[in-house]
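Chemist: My structure is in target_14.cif, and what it holds is mmCIF, C-alpha atoms:
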```cif
data_input
#
loop_
_atom_site.group_PDB
_atom_site.id
_atom_site.type_symbol
_atom_site.label_atom_id
_atom_site.label_comp_id
_atom_site.auth_asym_id
_atom_site.auth_seq_id
_atom_site.Cartn_x
_atom_site.Cartn_y
_atom_site.Cartn_z
ATOM 1 C CA MET A 1 8.895 11.238 16.476
ATOM 2 C CA SER A 2 6.099 8.931 17.600
ATOM 3 C CA ALA A 3 6.835 6.598 20.498
ATOM 4 C CA ILE A 4 4.179 4.266 19.119
ATOM 5 C CA LEU A 5 5.957 3.810 15.788
ATOM 6 C CA THR A 6 9.602 4.221 16.737
ATOM 7 C CA GLY A 7 11.511 1.257 15.330
ATOM 8 C CA VAL A 8 8.465 -0.312 13.682
ATOM 9 C CA ARG A 9 9.523 -2.081 10.475
ATOM 10 C CA ILE A 10 7.188 -1.196 7.629
ATOM 11 C CA GLY A 11 7.204 -2.597 4.115
ATOM 12 C CA ILE A 12 6.214 0.156 1.689
ATOM 13 C CA ALA A 13 4.798 -1.739 -1.292
ATOM 14 C CA LEU A 14 4.093 0.318 -4.412
ATOM 15 C CA THR A 15 1.919 -0.896 -7.281
ATOM 16 C CA GLY A 16 1.019 0.801 -10.534
ATOM 17 C CA SER A 17 -1.480 3.558 -9.791
ATOM 18 C CA PHE A 18 1.231 5.962 -10.869
ATOM 19 C CA CYS A 19 -0.817 9.140 -10.480
ATOM 20 C CA THR A 20 -1.283 8.572 -6.726
ATOM 21 C CA ILE A 21 2.303 7.649 -5.827
ATOM 22 C CA ALA A 22 3.254 11.237 -4.974
ATOM 23 C CA GLY A 23 0.526 11.310 -2.325
ATOM 24 C CA VAL A 24 1.714 7.959 -0.983
ATOM 25 C CA LEU A 25 5.310 9.148 -0.662
ATOM 26 C CA ALA A 26 4.197 12.252 1.215
ATOM 27 C CA ALA A 27 2.501 9.953 3.741
ATOM 28 C CA VAL A 28 5.575 7.721 3.896
ATOM 29 C CA GLU A 29 7.705 10.746 4.765
ATOM 30 C CA LYS A 30 5.515 11.229 7.843
ATOM 31 C CA LEU A 31 6.047 7.590 8.824
ATOM 32 C CA LYS A 32 9.776 8.144 8.572
ATOM 33 C CA SER A 33 9.508 11.238 10.767
ATOM 34 C CA ALA A 34 7.608 9.095 13.277
ATOM 35 C CA GLY A 35 10.671 6.869 13.624
ATOM 36 C CA CYS A 36 9.697 3.919 11.417
ATOM 37 C CA GLU A 37 12.180 1.714 9.598
ATOM 38 C CA LEU A 38 11.102 1.573 5.958
ATOM 39 C CA TYR A 39 11.583 -1.304 3.514
ATOM 40 C CA PRO A 40 10.609 -0.390 -0.077
ATOM 41 C CA ILE A 41 8.959 -2.982 -2.320
ATOM 42 C CA MET A 42 7.941 -2.418 -5.940
ATOM 43 C CA SER A 43 5.805 -4.315 -8.399
ATOM 44 C CA PHE A 44 7.437 -5.136 -11.713
ATOM 45 C CA ASN A 45 5.506 -2.336 -13.422
ATOM 46 C CA VAL A 46 6.457 0.338 -10.914
ATOM 47 C CA ALA A 47 10.085 -0.751 -11.011
ATOM 48 C CA GLY A 48 10.256 -0.837 -14.794
ATOM 49 C CA CYS A 49 7.838 1.664 -16.353
ATOM 50 C CA ASP A 50 8.565 5.255 -17.319
ATOM 51 C CA THR A 51 5.412 7.373 -17.093
ATOM 52 C CA ARG A 52 4.342 10.991 -17.510
ATOM 53 C CA PHE A 53 4.697 11.342 -13.743
ATOM 54 C CA PHE A 54 8.308 10.165 -13.422
ATOM 55 C CA SER A 55 10.849 7.810 -14.896
ATOM 56 C CA ALA A 56 11.368 4.419 -13.290
ATOM 57 C CA ARG A 57 14.934 5.365 -12.399
ATOM 58 C CA ALA A 58 13.948 8.681 -10.813
ATOM 59 C CA LEU A 59 11.236 7.019 -8.740
ATOM 60 C CA ARG A 60 13.571 4.274 -7.568
ATOM 61 C CA GLU A 61 16.190 6.808 -6.539
ATOM 62 C CA ARG A 62 13.631 8.873 -4.646
ATOM 63 C CA VAL A 63 12.167 5.862 -2.856
ATOM 64 C CA GLU A 64 15.545 4.413 -1.925
ATOM 65 C CA ALA A 65 16.692 7.793 -0.587
ATOM 66 C CA LEU A 66 13.509 8.122 1.457
ATOM 67 C CA CYS A 67 13.641 4.583 2.851
ATOM 68 C CA GLU A 68 17.454 4.442 3.068
ATOM 69 C CA ARG A 69 17.359 0.919 1.635
ATOM 70 C CA GLU A 70 17.461 -0.745 -1.755
ATOM 71 C CA VAL A 71 14.137 -1.640 -3.319
ATOM 72 C CA ILE A 72 12.878 -5.220 -3.094
ATOM 73 C CA ASP A 73 12.047 -5.690 -6.764
ATOM 74 C CA SER A 74 11.902 -9.445 -7.351
ATOM 75 C CA ILE A 75 9.963 -12.434 -6.070
ATOM 76 C CA VAL A 76 13.216 -13.978 -4.864
ATOM 77 C CA LYS A 77 14.003 -10.918 -2.741
ATOM 78 C CA ALA A 78 10.455 -10.736 -1.359
ATOM 79 C CA GLU A 79 10.055 -14.379 -0.336
ATOM 80 C CA PRO A 80 12.323 -14.215 2.782
ATOM 81 C CA ILE A 81 10.108 -11.576 4.416
ATOM 82 C CA GLY A 82 8.061 -14.316 6.073
ATOM 83 C CA PRO A 83 10.739 -16.815 7.095
ATOM 84 C CA GLN A 84 12.977 -14.043 8.462
ATOM 85 C CA LYS A 85 10.035 -12.210 10.088
ATOM 86 C CA LEU A 86 11.487 -9.081 8.572
ATOM 87 C CA LEU A 87 8.484 -6.737 8.807
ATOM 88 C CA ASP A 88 5.936 -5.745 11.425
ATOM 89 C CA ILE A 89 3.460 -4.534 8.785
ATOM 90 C CA ILE A 90 3.258 -4.133 5.008
ATOM 91 C CA VAL A 91 1.464 -1.135 3.515
ATOM 92 C CA VAL A 92 0.375 -1.749 -0.088
ATOM 93 C CA ALA A 93 -0.185 1.773 -1.356
ATOM 94 C CA PRO A 94 -1.281 2.515 -3.902
ATOM 95 C CA CYS A 95 -2.910 -0.872 -4.404
ATOM 96 C CA THR A 96 -4.325 -1.257 -7.910
ATOM 97 C CA GLY A 97 -7.376 -3.292 -8.810
ATOM 98 C CA ASN A 98 -5.020 -5.767 -10.471
ATOM 99 C CA SER A 99 -2.956 -6.296 -7.314
ATOM 100 C CA CYS A 100 -6.125 -6.397 -5.223
ATOM 101 C CA ALA A 101 -7.437 -9.220 -7.424
ATOM 102 C CA LYS A 102 -4.225 -11.174 -7.028
ATOM 103 C CA LEU A 103 -4.179 -10.760 -3.259
ATOM 104 C CA ALA A 104 -7.827 -11.793 -3.010
ATOM 105 C CA ASN A 105 -7.154 -14.945 -5.023
ATOM 106 C CA GLY A 106 -3.821 -15.993 -3.529
ATOM 107 C CA ILE A 107 -1.724 -15.174 -6.596
ATOM 108 C CA ALA A 108 1.884 -14.288 -5.777
ATOM 109 C CA ASP A 109 3.500 -13.541 -9.130
ATOM 110 C CA THR A 110 4.875 -10.066 -8.329
ATOM 111 C CA PRO A 111 7.273 -8.850 -5.616
ATOM 112 C CA VAL A 112 4.433 -7.034 -3.826
ATOM 113 C CA CYS A 113 2.072 -10.018 -3.833
ATOM 114 C CA MET A 114 4.830 -12.383 -2.728
ATOM 115 C CA ALA A 115 5.769 -9.991 0.077
ATOM 116 C CA CYS A 116 2.155 -9.958 1.277
ATOM 117 C CA LYS A 117 1.846 -13.731 1.067
ATOM 118 C CA SER A 118 5.072 -14.115 3.020
ATOM 119 C CA GLN A 119 3.891 -11.597 5.616
ATOM 120 C CA LEU A 120 0.479 -13.186 6.100
ATOM 121 C CA ARG A 121 1.936 -16.638 6.706
ATOM 122 C CA ASN A 122 3.147 -15.215 10.033
ATOM 123 C CA GLU A 123 -0.290 -13.730 10.784
ATOM 124 C CA ARG A 124 1.177 -10.235 10.583
ATOM 125 C CA PRO A 125 -0.826 -7.307 9.184
ATOM 126 C CA VAL A 126 -1.096 -6.109 5.610
ATOM 127 C CA LEU A 127 -2.615 -2.648 5.162
ATOM 128 C CA ILE A 128 -4.113 -1.754 1.782
ATOM 129 C CA GLY A 129 -4.498 1.691 0.235
ATOM 130 C CA ILE A 130 -6.803 1.011 -2.703
ATOM 131 C CA SER A 131 -6.626 3.084 -5.887
ATOM 132 C CA THR A 132 -8.603 1.794 -8.845
ATOM 133 C CA ASN A 133 -11.008 3.108 -11.456
ATOM 134 C CA ASP A 134 -13.195 -0.004 -11.178
ATOM 135 C CA GLY A 135 -13.459 -0.223 -7.403
ATOM 136 C CA LEU A 136 -17.259 -0.238 -7.585
ATOM 137 C CA ALA A 137 -17.304 -2.466 -10.668
ATOM 138 C CA ALA A 138 -15.063 -5.447 -11.487
ATOM 139 C CA ALA A 139 -12.770 -4.882 -8.479
ATOM 140 C CA ALA A 140 -15.611 -4.671 -5.951
ATOM 141 C CA ARG A 141 -15.746 -8.414 -5.288
ATOM 142 C CA ASN A 142 -12.003 -8.524 -4.564
ATOM 143 C CA ILE A 143 -12.158 -5.575 -2.191
ATOM 144 C CA ALA A 144 -15.033 -7.269 -0.376
ATOM 145 C CA GLU A 145 -13.050 -10.506 -0.146
ATOM 146 C CA LEU A 146 -10.068 -8.722 1.386
ATOM 147 C CA LEU A 147 -12.242 -6.764 3.804
ATOM 148 C CA ASN A 148 -13.247 -10.133 5.239
ATOM 149 C CA ARG A 149 -9.706 -11.537 5.309
ATOM 150 C CA LYS A 150 -7.882 -12.038 8.595
ATOM 151 C CA ASN A 151 -4.924 -9.685 9.162
ATOM 152 C CA VAL A 152 -5.806 -7.549 6.128
ATOM 153 C CA PHE A 153 -6.807 -3.947 6.791
ATOM 154 C CA PHE A 154 -7.676 -0.916 4.658
ATOM 155 C CA ILE A 155 -6.756 2.735 4.873
ATOM 156 C CA PRO A 156 -10.102 4.563 4.537
ATOM 157 C CA PHE A 157 -11.148 5.261 0.964
ATOM 158 C CA GLY A 158 -13.954 6.811 -1.058
ATOM 159 C CA GLN A 159 -15.152 7.893 -4.477
ATOM 160 C CA ASP A 160 -12.800 10.563 -5.795
ATOM 161 C CA ASP A 161 -15.052 11.723 -8.660
ATOM 162 C CA PRO A 162 -18.570 10.248 -8.405
ATOM 163 C CA VAL A 163 -19.937 12.241 -11.340
ATOM 164 C CA ASN A 164 -17.266 11.638 -13.975
ATOM 165 C CA LYS A 165 -15.856 8.347 -12.652
ATOM 166 C CA PRO A 166 -18.684 6.724 -10.691
ATOM 167 C CA THR A 167 -16.901 3.395 -10.105
ATOM 168 C CA SER A 168 -13.527 4.874 -9.095
ATOM 169 C CA LEU A 169 -12.166 4.519 -5.543
ATOM 170 C CA VAL A 170 -9.096 6.106 -4.017
ATOM 171 C CA THR A 171 -7.567 6.090 -0.534
ATOM 172 C CA ASP A 172 -7.106 9.124 1.680
ATOM 173 C CA PHE A 173 -3.386 8.646 2.154
ATOM 174 C CA THR A 174 -3.255 11.343 4.838
ATOM 175 C CA LEU A 175 -4.773 8.683 7.121
ATOM 176 C CA MET A 176 -1.927 6.230 6.544
ATOM 177 C CA GLN A 177 -0.122 6.766 9.843
ATOM 178 C CA ARG A 178 -3.271 6.378 11.910
ATOM 179 C CA ALA A 179 -4.236 3.262 9.949
ATOM 180 C CA VAL A 180 -0.766 1.757 10.490
ATOM 181 C CA GLU A 181 -0.975 2.324 14.236
ATOM 182 C CA GLU A 182 -4.419 0.753 14.445
ATOM 183 C CA ALA A 183 -3.645 -2.206 12.154
ATOM 184 C CA LEU A 184 -0.641 -3.060 14.324
ATOM 185 C CA ASN A 185 -3.157 -3.453 17.138
ATOM 186 C CA GLY A 186 -5.545 -5.524 15.034
ATOM 187 C CA ILE A 187 -8.000 -2.639 14.531
ATOM 188 C CA GLN A 188 -9.597 -1.589 11.250
ATOM 189 C CA THR A 189 -9.635 2.204 10.988
ATOM 190 C CA GLN A 190 -13.168 3.557 10.919
ATOM 191 C CA PRO A 191 -15.030 4.757 9.036
ATOM 192 C CA ILE A 192 -13.656 2.745 6.126
ATOM 193 C CA LEU A 193 -15.803 4.632 3.621
ATOM 194 C CA ILE A 194 -15.082 8.351 3.376
ATOM 195 C CA ASN A 195 -17.647 10.884 2.239
ATOM 196 C CA SER A 196 -17.000 11.887 -1.368
ATOM 197 C CA ASN A 197 -16.922 15.560 -0.362
ATOM 198 C CA ARG A 198 -13.650 15.031 1.485
ATOM 199 C CA GLN A 199 -10.501 16.086 -0.319
ATOM 200 C CA LEU A 200 -8.959 12.927 -1.753
ATOM 201 C CA HIS A 201 -5.742 12.373 -3.711
ATOM 202 C CA THR A 202 -7.481 11.955 -7.032
ATOM 203 C CA HIS A 203 -6.190 10.049 -9.995
ATOM 204 C CA LYS A 204 -6.946 10.991 -13.582
#
```
Please go through the file and, once you have read it, give me the structure as structure tokens.
Modeler:
Amino acid sequence: MSAILTGVRIGIALTGSFCTIAGVLAAVEKLKSAGCELYPIMSFNVAGCDTRFFSARALRERVEALCEREVIDSIVKAEPIGPQKLLDIIVVAPCTGNSCAKLANGIADTPVCMACKSQLRNERPVLIGISTNDGLAAAARNIAELLNRKNVFFIPFGQDDPVNKPTSLVTDFTLMQRAVEEALNGIQTQPILINSNRQLHTHK
């Protein structure tokens, strides 16, 4: 158990890069072992879609068992995060290009985006774990916008398959705990960009 993170309240916000969620949950298990209190949040798609990776019900059950709390799965449930100062940090991982675009443009029409909006109103950190096939294409401008946004931080990321998917970016989720610790202290984990030769949690 980490003395640094013991009792820290972390929102675990999942969006629809379904193929990387297993890697995210492995990192979340380490946060739990470090003594964090976990609050699960799901986008509408994650909460409602069955995929080849898992059913929506199976994922919900796994996440709720891991976090020992019910999932925040509606805008109504997410809105009080700010007024009640419920969380010390929100980790949006995986964060899709779609959610990244909404966060960059102040759109709060999903539970995850509302949770982030509510968190940021208190000038508390939001940590993003990007996972998108167009990170170096259409999503690039939104990533750049968020990199320059106060109280928004990124878990380091890189190209997971530069040859076959040259615009794709994915986070190294093994760095989540370190990034959480540093974001809580107002520090962006460096280097942000990881060499493509590093082993990343790739998405197909």
Chemist: Taking all atoms listed in the file into account, name the residue in A:Ile81, A:Leu87, A:Ala108, A:Phe18 that is nearest to Ser55 (chain A).
Modeler: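 Nearest candidate to Ser55 (chain A) out of A:Ile81, A:Leu87, A:Ala108, A:Phe18: A:Phe18.
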Chemist: Between CA of Leu5 (chain A) and CA of Pro125 (chain A), what is the distance in Å, rounded to a tenth?
Modeler: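 Computing it gives 14.6 Å between the two atoms.
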Chemist: Find the spatial neighbours of Gly11 (chain A), counting only C-alpha atoms, within a cut-off of 8 Å - ignore same-chain residues fewer than 4 positions away - and output them as a short mmCIF file (atom, residue, chain, number, x, y, z; two decimals) with C-alpha atoms, in the frame of the given file.
Modeler:
```
data_model
loop_
_atom_site.label_atom_id
_atom_site.label_comp_id
_atom_site.auth_asym_id
_atom_site.auth_seq_id
_atom_site.Cartn_x
_atom_site.Cartn_y
_atom_site.Cartn_z
CA LEU A 38 11.10 1.57 5.96
CA TYR A 39 11.58 -1.30 3.51
CA PRO A 40 10.61 -0.39 -0.08
CA ILE A 41 8.96 -2.98 -2.32
CA LEU A 87 8.48 -6.74 8.81
CA ILE A 89 3.46 -4.53 8.78
CA ILE A 90 3.26 -4.13 5.01
CA VAL A 91 1.46 -1.14 3.52
#
```
Chemist: As an exercise, work out the distance from CA of Leu103 (chain A) to CA of Asn142 (chain A) in Å and give it to one decimal place.
Modeler: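 Rounded to one decimal, the two atoms are 8.2 Å apart.
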Chemist: I'd like the interatomic distance between CA of Glu29 (chain A) and CA of Val112 (chain A), to a tenth of an Å.
Modeler: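 That distance, rounded to one decimal, is 20.0 Å.
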Chemist: Which residue out of A:Val163, A:Pro80, A:Leu66, A:Ile143 has the minimum interatomic distance to Ser33 (chain A) when all atoms listed in the file are used?
Modeler: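 Selected residue with least distance to Ser33 (chain A): A:Leu66.
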Chemist: Using only C-alpha atoms, which of the listed residues (A:Ile21, A:Ile12, A:Val76, A:Ile155) sits closest to Glu64 (chain A)?
Modeler: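 Among A:Ile21, A:Ile12, A:Val76, A:Ile155, it is A:Ile12 that comes nearest to Glu64 (chain A).
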Chemist: For Ser118 (chain A), which residue out of A:Leu25, A:Leu86, A:Val46, A:Val170 is the nearest one, using all atoms listed in the file?
Modeler: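 Closest residue, counting all atoms listed in the file: A:Leu86.
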Chemist: Can you work out which one of A:Met42, A:Val8, A:Ile128, A:Leu146 has the shortest atom-to-atom distance to Ala93 (chain A), counting only C-alpha atoms?
Modeler: A:Ile128
Chemist: Would you kindly place all heavy atoms on region 16-27 of chain A and return the model as a tab-separated table (two decimals), in the coordinates of the input?
Modeler:
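Result file is part03.tsv:
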```
chain	number	residue	atom	x	y	z
A	16	GLY	N	1.02	-0.13	-9.43
A	16	GLY	CA	1.02	0.80	-10.53
A	16	GLY	C	-0.08	1.82	-10.70
A	16	GLY	O	-0.42	2.14	-11.83
A	17	SER	N	-0.63	2.37	-9.64
A	17	SER	CA	-1.48	3.56	-9.79
A	17	SER	C	-0.55	4.77	-9.74
A	17	SER	O	-0.44	5.47	-8.73
A	17	SER	CB	-2.53	3.62	-8.68
A	17	SER	OG	-3.31	4.78	-8.80
A	18	PHE	N	0.13	5.02	-10.85
A	18	PHE	CA	1.23	5.96	-10.87
A	18	PHE	C	0.83	7.37	-10.44
A	18	PHE	O	1.62	8.08	-9.81
A	18	PHE	CB	1.85	6.00	-12.27
A	18	PHE	CG	2.43	4.68	-12.70
A	18	PHE	CD1	1.72	3.84	-13.55
A	18	PHE	CD2	3.66	4.28	-12.25
A	18	PHE	CE1	2.24	2.61	-13.94
A	18	PHE	CE2	4.21	3.05	-12.63
A	18	PHE	CZ	3.49	2.22	-13.48
A	19	CYS	N	-0.39	7.77	-10.76
A	19	CYS	CA	-0.82	9.14	-10.48
A	19	CYS	C	-1.03	9.40	-8.99
A	19	CYS	O	-1.15	10.56	-8.58
A	19	CYS	CB	-2.07	9.47	-11.25
A	19	CYS	SG	-3.36	8.23	-11.11
A	20	THR	N	-1.09	8.37	-8.16
A	20	THR	CA	-1.28	8.57	-6.73
A	20	THR	C	-0.01	8.34	-5.91
A	20	THR	O	-0.02	8.53	-4.70
A	20	THR	CB	-2.39	7.65	-6.19
A	20	THR	OG1	-2.06	6.28	-6.48
A	20	THR	CG2	-3.73	7.97	-6.82
A	21	ILE	N	1.08	7.98	-6.56
A	21	ILE	CA	2.30	7.65	-5.83
A	21	ILE	C	2.87	8.85	-5.09
A	21	ILE	O	3.40	8.72	-3.98
A	21	ILE	CB	3.34	7.01	-6.77
A	21	ILE	CG1	2.89	5.56	-7.10
A	21	ILE	CG2	4.73	6.99	-6.15
A	21	ILE	CD1	3.79	4.82	-8.07
A	22	ALA	N	2.75	10.05	-5.66
A	22	ALA	CA	3.25	11.24	-4.97
A	22	ALA	C	2.57	11.42	-3.62
A	22	ALA	O	3.23	11.73	-2.61
A	22	ALA	CB	3.06	12.47	-5.85
A	23	GLY	N	1.25	11.22	-3.58
A	23	GLY	CA	0.53	11.31	-2.33
A	23	GLY	C	0.95	10.24	-1.33
A	23	GLY	O	1.02	10.48	-0.13
A	24	VAL	N	1.23	9.05	-1.83
A	24	VAL	CA	1.71	7.96	-0.98
A	24	VAL	C	3.06	8.32	-0.36
A	24	VAL	O	3.27	8.16	0.84
A	24	VAL	CB	1.83	6.65	-1.78
A	24	VAL	CG1	2.57	5.59	-0.97
A	24	VAL	CG2	0.46	6.14	-2.18
A	25	LEU	N	3.98	8.84	-1.17
A	25	LEU	CA	5.31	9.15	-0.66
A	25	LEU	C	5.28	10.27	0.36
A	25	LEU	O	6.08	10.28	1.31
A	25	LEU	CB	6.24	9.49	-1.82
A	25	LEU	CG	6.52	8.34	-2.80
A	25	LEU	CD1	7.54	8.77	-3.85
A	25	LEU	CD2	6.99	7.09	-2.08
A	26	ALA	N	4.35	11.21	0.20
A	26	ALA	CA	4.20	12.25	1.22
A	26	ALA	C	3.79	11.64	2.56
A	26	ALA	O	4.28	12.05	3.62
A	26	ALA	CB	3.16	13.28	0.75
A	27	ALA	N	2.91	10.64	2.52
A	27	ALA	CA	2.50	9.95	3.74
A	27	ALA	C	3.63	9.12	4.31
A	27	ALA	O	3.79	9.02	5.54
A	27	ALA	CB	1.28	9.07	3.46
```
